[in-house]
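Student: I have a structure I would like to understand better, so I am pasting it below and will then ask my questions one at a time.
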Amino acid sequence: MRHFGHLAPQVRQRLFHREPGEFTADSPARLLSAALGATLYSPATRLRLADDVVKQAARGVVSMVLCLEDSIDDAEVEQGEANLVRQFAALAALPAPVTLPLLFVRVRTAGQIPDLVRRLGPAVRLLSGFVLPKFTGDRGLPFLEAVQAAEAACGRRLFAMPVLESPELLYRESRVETLEGIFRAVDKYRDRVLALRLGVTDFCSSYGLRRAPDMTAYDVQIVASVIADVVNMLGRADGTGFTVTGPVWEYFRAQERMFKPQLRQSPFLEVQAAGLRETLIEHAMDGLLREISLDQANGLLGKTCIHPSHVLPVHALSVVSHEEYSDAADILRPERGGGGVLRSAYTNKMNEVKPHRAWAERTLLRAEVFGVAREDVGFVELLAAGIPGGPAAP
């Protein structure tokens, strides 16, 4: 699979200076954690779930979570489990070649993990791992132990993606202790942990809050403080950190917005592509675009998504710009190993080799999976190329 693989080769050639690279479910964990992109959630009870997975893969989705937790009613858990087993069997029976996303199951209890792996039988080859809810050091260890045991039982590598969403993490008096406990747990099972996911909806719930469609998670100060502390303690670039993914964006229908006049002059929309502005307004994406940009500025990579219309903006904004790539490549040249300062090839900034090295390494990893845009190609062109029925690619 590859990002933007759903686009025709000639379109990709026009868009990319360096095309996104291919990867598989068996690729190195470091590569897969960067490649998750927009992880699309779907209730495990959907009767046409297998069809949905195939359809979304054809539209550019590369990771999906099939959810047995908050997205379904408590009374539907057994039905959801049985449906998952049937849908995995249907996917496993598809004729080759069918490209499927990385598939994860969000469970409620640790006991579900070995049970589902056993019930999936040969179809377990399509499973990449499990999403672990309300993760803390104490509650999370049984889940991680269950993932490790299930991997040994089925003979297939299985990853864990803990969701950081508990009140203990939110409350100031218990936050540091909770983060320390989470770090000890995930560090012990580092080879199993693909990424850490943020459950911002649960954070807001603890205070009866819900951000409006014209506001990002970073405008809710109590949420922003948690994100900052999670990145501070769990997302460091010194080899001890993990990939931390961005929070879910809840809105996907047009609404009146305080910032609508600003959207008409948004830097995202400088290119006047026919019909594109209307498409963005229709899908209420202005807040989403700001939040994705803020995710990246705060050290997050990828995003939890609950609607297919969110996937393409996440991926388009994850593509490395030609300028970013130029700076990163210059910084990481072997002859720069001793440090120093150099003027960027774009002659608009100074690149400091030692302070910017970690950024450059992360940028080139992102370039490997999301590609590098051509010098004259920006977000709008990438988005326009992928919108079904939207404006044509440049």
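Identifiers in the structure tokens: chain A, B, ... in order shown; residue index from 1 per chain; ligand index from 1 in order shown.
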Show which residues sit within 12 Å of A:Arg12, as a list in words. Count only C-alpha atoms, and ignore same-chain residues fewer than 3 positions away.
Tutor: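 Residues near the query, excluding close chain neighbours: Arg2, His3, Phe4, Gly5, His6, Leu7, Ala8, Pro9, Leu15, Phe16, His17, Arg18, Glu19, Pro20, Gly21, Phe370, Gly371, Val372, Ala373, Arg374, Val377, Glu381, Leu382, Ala385, Gly386, Ala393 and Pro394 of chain A.
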Student: Output C-alpha atoms of each residue in that selection to a file, as a JSON list (two decimals), in the first residue's frame.
Tutor:
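Result written to result.json:
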[["chain", "number", "residue", "atom", "x", "y", "z"],
["A", 2, "ARG", "CA", 1.03, 3.63, -0.33],
["A", 3, "HIS", "CA", -0.40, 7.04, 0.40],
["A", 4, "PHE", "CA", -2.09, 8.58, -2.64],
["A", 5, "GLY", "CA", -1.90, 5.16, -4.28],
["A", 6, "HIS", "CA", -5.55, 5.62, -5.29],
["A", 7, "LEU", "CA", -4.49, 8.39, -7.69],
["A", 8, "ALA", "CA", -3.49, 7.60, -11.25],
["A", 9, "PRO", "CA", 0.30, 7.33, -11.74],
["A", 15, "LEU", "CA", 2.09, 16.31, -7.87],
["A", 16, "PHE", "CA", 5.22, 14.82, -6.35],
["A", 17, "HIS", "CA", 8.91, 15.63, -6.50],
["A", 18, "ARG", "CA", 9.37, 12.35, -4.63],
["A", 19, "GLU", "CA", 6.40, 9.98, -4.61],
["A", 20, "PRO", "CA", 5.18, 8.32, -1.42],
["A", 21, "GLY", "CA", 6.92, 5.01, -0.80],
["A", 370, "PHE", "CA", 3.80, 10.71, 2.38],
["A", 371, "GLY", "CA", 6.11, 11.90, -0.36],
["A", 372, "VAL", "CA", 7.52, 15.32, -1.24],
["A", 373, "ALA", "CA", 5.44, 17.78, -3.24],
["A", 374, "ARG", "CA", 6.84, 19.46, -6.33],
["A", 377, "VAL", "CA", 2.47, 22.16, -5.65],
["A", 381, "GLU", "CA", -3.51, 20.97, -5.40],
["A", 382, "LEU", "CA", -3.03, 17.79, -3.37],
["A", 385, "ALA", "CA", -6.54, 15.89, -6.94],
["A", 386, "GLY", "CA", -8.11, 13.52, -4.45],
["A", 393, "ALA", "CA", -5.15, 17.90, -10.60],
["A", 394, "PRO", "CA", -2.81, 20.58, -11.89]]
Student: Set the distance at 10 Å and use only C-alpha atoms: which residues neighbour A:Ala160 once local chain neighbours fewer than 5 positions away are removed? I'd like the list as a ChimeraX atom specification.
Tutor: /A:104-106,128-132,143-144,147-148,186,189-196
Student: Put those residues in a file: C-alpha atoms, as a short mmCIF file (atom, residue, chain, number, x, y, z; two decimals), in the first residue's frame.
Tutor:
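Heads up, here's the output in result.cif:
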data_model
loop_
_atom_site.label_atom_id
_atom_site.label_comp_id
_atom_site.auth_asym_id
_atom_site.auth_seq_id
_atom_site.Cartn_x
_atom_site.Cartn_y
_atom_site.Cartn_z
CA PHE A 104 -6.87 -2.76 14.24
CA VAL A 105 -9.60 -3.75 16.69
CA ARG A 106 -10.50 -1.50 19.60
CA SER A 128 -2.31 -5.59 12.60
CA GLY A 129 -3.16 -5.17 16.26
CA PHE A 130 -5.40 -3.74 18.95
CA VAL A 131 -6.38 -0.32 20.26
CA LEU A 132 -6.36 -0.25 24.07
CA PHE A 143 -3.83 -5.36 27.80
CA LEU A 144 -0.19 -5.31 26.72
CA VAL A 147 -1.32 -8.62 23.03
CA GLN A 148 2.02 -10.30 23.60
CA VAL A 186 4.76 1.25 27.18
CA TYR A 189 6.54 -3.35 25.76
CA ARG A 190 8.17 -0.83 23.42
CA ASP A 191 8.37 -3.30 20.52
CA ARG A 192 4.59 -3.80 20.71
CA VAL A 193 3.52 -0.15 20.91
CA LEU A 194 3.03 1.34 17.45
CA ALA A 195 1.62 4.70 18.52
CA LEU A 196 -0.14 6.49 21.36
#
Student: Just list the residues in stretch 31-152 of chain A DSSP gives alpha helix (DSSP H) on the backbone, as JSON, numbers by chain.
Tutor: {"A": [31, 32, 33, 34, 35, 49, 50, 51, 52, 53, 54, 55, 56, 57, 58, 77, 78, 79, 80, 81, 82, 83, 84, 85, 86, 87, 88, 89, 90, 91, 92, 112, 113, 114, 115, 116, 117, 118, 119, 120, 137, 138, 139, 140, 141, 142, 143, 144, 145, 146, 147, 148, 149, 150, 151, 152]}
Student: Keeping C-alpha atoms, export the residues of the selection given above as a PDB file, in the first residue's frame.
Tutor:
ATOM      1  CA  LEU A  31       7.915   3.280   9.281  1.00  0.00           C
ATOM      2  CA  LEU A  32       4.383   2.070  10.026  1.00  0.00           C
ATOM      3  CA  SER A  33       3.963   4.453  12.957  1.00  0.00           C
ATOM      4  CA  ALA A  34       4.697   7.365  10.635  1.00  0.00           C
ATOM      5  CA  ALA A  35       2.515   5.923   7.856  1.00  0.00           C
ATOM      6  CA  LEU A  49     -18.034  -3.799   7.271  1.00  0.00           C
ATOM      7  CA  ALA A  50     -15.918  -5.822   4.839  1.00  0.00           C
ATOM      8  CA  ASP A  51     -17.323  -3.851   1.911  1.00  0.00           C
ATOM      9  CA  ASP A  52     -16.639  -0.611   3.774  1.00  0.00           C
ATOM     10  CA  VAL A  53     -13.013  -1.596   4.379  1.00  0.00           C
ATOM     11  CA  VAL A  54     -12.464  -2.360   0.694  1.00  0.00           C
ATOM     12  CA  LYS A  55     -14.201   0.848  -0.385  1.00  0.00           C
ATOM     13  CA  GLN A  56     -12.210   3.066   1.966  1.00  0.00           C
ATOM     14  CA  ALA A  57      -8.929   1.434   0.938  1.00  0.00           C
ATOM     15  CA  ALA A  58      -9.742   2.325  -2.669  1.00  0.00           C
ATOM     16  CA  VAL A  77     -20.642  -6.221  22.250  1.00  0.00           C
ATOM     17  CA  GLU A  78     -21.300  -9.915  21.581  1.00  0.00           C
ATOM     18  CA  GLN A  79     -22.992  -9.060  18.295  1.00  0.00           C
ATOM     19  CA  GLY A  80     -20.048  -6.873  17.349  1.00  0.00           C
ATOM     20  CA  GLU A  81     -17.524  -9.615  18.114  1.00  0.00           C
ATOM     21  CA  ALA A  82     -19.418 -12.161  16.039  1.00  0.00           C
ATOM     22  CA  ASN A  83     -19.742  -9.681  13.185  1.00  0.00           C
ATOM     23  CA  LEU A  84     -16.016  -8.933  13.278  1.00  0.00           C
ATOM     24  CA  VAL A  85     -15.205 -12.603  12.892  1.00  0.00           C
ATOM     25  CA  ARG A  86     -17.572 -12.897   9.908  1.00  0.00           C
ATOM     26  CA  GLN A  87     -16.261  -9.735   8.250  1.00  0.00           C
ATOM     27  CA  PHE A  88     -12.609 -10.755   8.631  1.00  0.00           C
ATOM     28  CA  ALA A  89     -13.469 -14.114   7.071  1.00  0.00           C
ATOM     29  CA  ALA A  90     -15.109 -12.294   4.151  1.00  0.00           C
ATOM     30  CA  LEU A  91     -12.026 -10.103   3.690  1.00  0.00           C
ATOM     31  CA  ALA A  92      -9.724 -13.110   3.836  1.00  0.00           C
ATOM     32  CA  GLN A 112     -11.216  -9.984  24.331  1.00  0.00           C
ATOM     33  CA  ILE A 113      -7.763  -9.948  22.729  1.00  0.00           C
ATOM     34  CA  PRO A 114      -6.833 -13.662  22.919  1.00  0.00           C
ATOM     35  CA  ASP A 115     -10.460 -14.659  22.395  1.00  0.00           C
ATOM     36  CA  LEU A 116     -10.792 -12.689  19.159  1.00  0.00           C
ATOM     37  CA  VAL A 117      -7.443 -13.892  17.844  1.00  0.00           C
ATOM     38  CA  ARG A 118      -8.543 -17.472  18.432  1.00  0.00           C
ATOM     39  CA  ARG A 119     -11.925 -16.928  16.783  1.00  0.00           C
ATOM     40  CA  LEU A 120     -10.437 -15.189  13.741  1.00  0.00           C
ATOM     41  CA  GLY A 137       0.088   2.180  33.734  1.00  0.00           C
ATOM     42  CA  ASP A 138      -1.931  -0.131  35.976  1.00  0.00           C
ATOM     43  CA  ARG A 139      -4.907  -0.748  33.674  1.00  0.00           C
ATOM     44  CA  GLY A 140      -2.772  -0.974  30.569  1.00  0.00           C
ATOM     45  CA  LEU A 141      -0.363  -3.736  31.570  1.00  0.00           C
ATOM     46  CA  PRO A 142      -2.936  -6.569  31.319  1.00  0.00           C
ATOM     47  CA  PHE A 143      -3.833  -5.363  27.802  1.00  0.00           C
ATOM     48  CA  LEU A 144      -0.192  -5.313  26.718  1.00  0.00           C
ATOM     49  CA  GLU A 145       0.396  -8.743  28.221  1.00  0.00           C
ATOM     50  CA  ALA A 146      -2.646 -10.021  26.333  1.00  0.00           C
ATOM     51  CA  VAL A 147      -1.320  -8.617  23.033  1.00  0.00           C
ATOM     52  CA  GLN A 148       2.015 -10.301  23.604  1.00  0.00           C
ATOM     53  CA  ALA A 149       0.345 -13.630  24.446  1.00  0.00           C
ATOM     54  CA  ALA A 150      -1.972 -13.399  21.431  1.00  0.00           C
ATOM     55  CA  GLU A 151       0.981 -12.730  19.152  1.00  0.00           C
ATOM     56  CA  ALA A 152       2.751 -15.814  20.456  1.00  0.00           C
TER      57      ALA A 152
END
Student: Got a sec: who's within 12 Å of A:Ala217, counting only C-alpha atoms, leaving out chain neighbours fewer than 2 positions off, as number ranges by chain?
Tutor: A: 198-201, 203-204, 209-215, 219-228, 246-250, 287-288, 290-295, 298
Student: Could you check which of A:Arg157, A:Met233, A:Asp70, A:Pro28 is closest to A:Arg175, using only C-alpha atoms?
Tutor: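 With only C-alpha atoms as the atom set, the closest residue is A:Met233.
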Student: List every residue of stretch 9-231 of chain A that DSSP, applied to the backbone, labels as strand (DSSP E), and write the result as JSON, numbers by chain.
Tutor: {"A": [16, 17, 18, 38, 39, 40, 41, 42, 43, 63, 64, 65, 66, 67, 102, 103, 104, 105, 106, 127, 128, 129, 130, 131, 132, 159, 160, 161, 162, 163, 164, 196, 197, 198]}
Student: Using only C-alpha atoms, which of the listed residues (A:Glu323, A:Glu165, A:Glu335, A:Glu352) sits closest to A:Asp376?
Tutor: A:Glu323
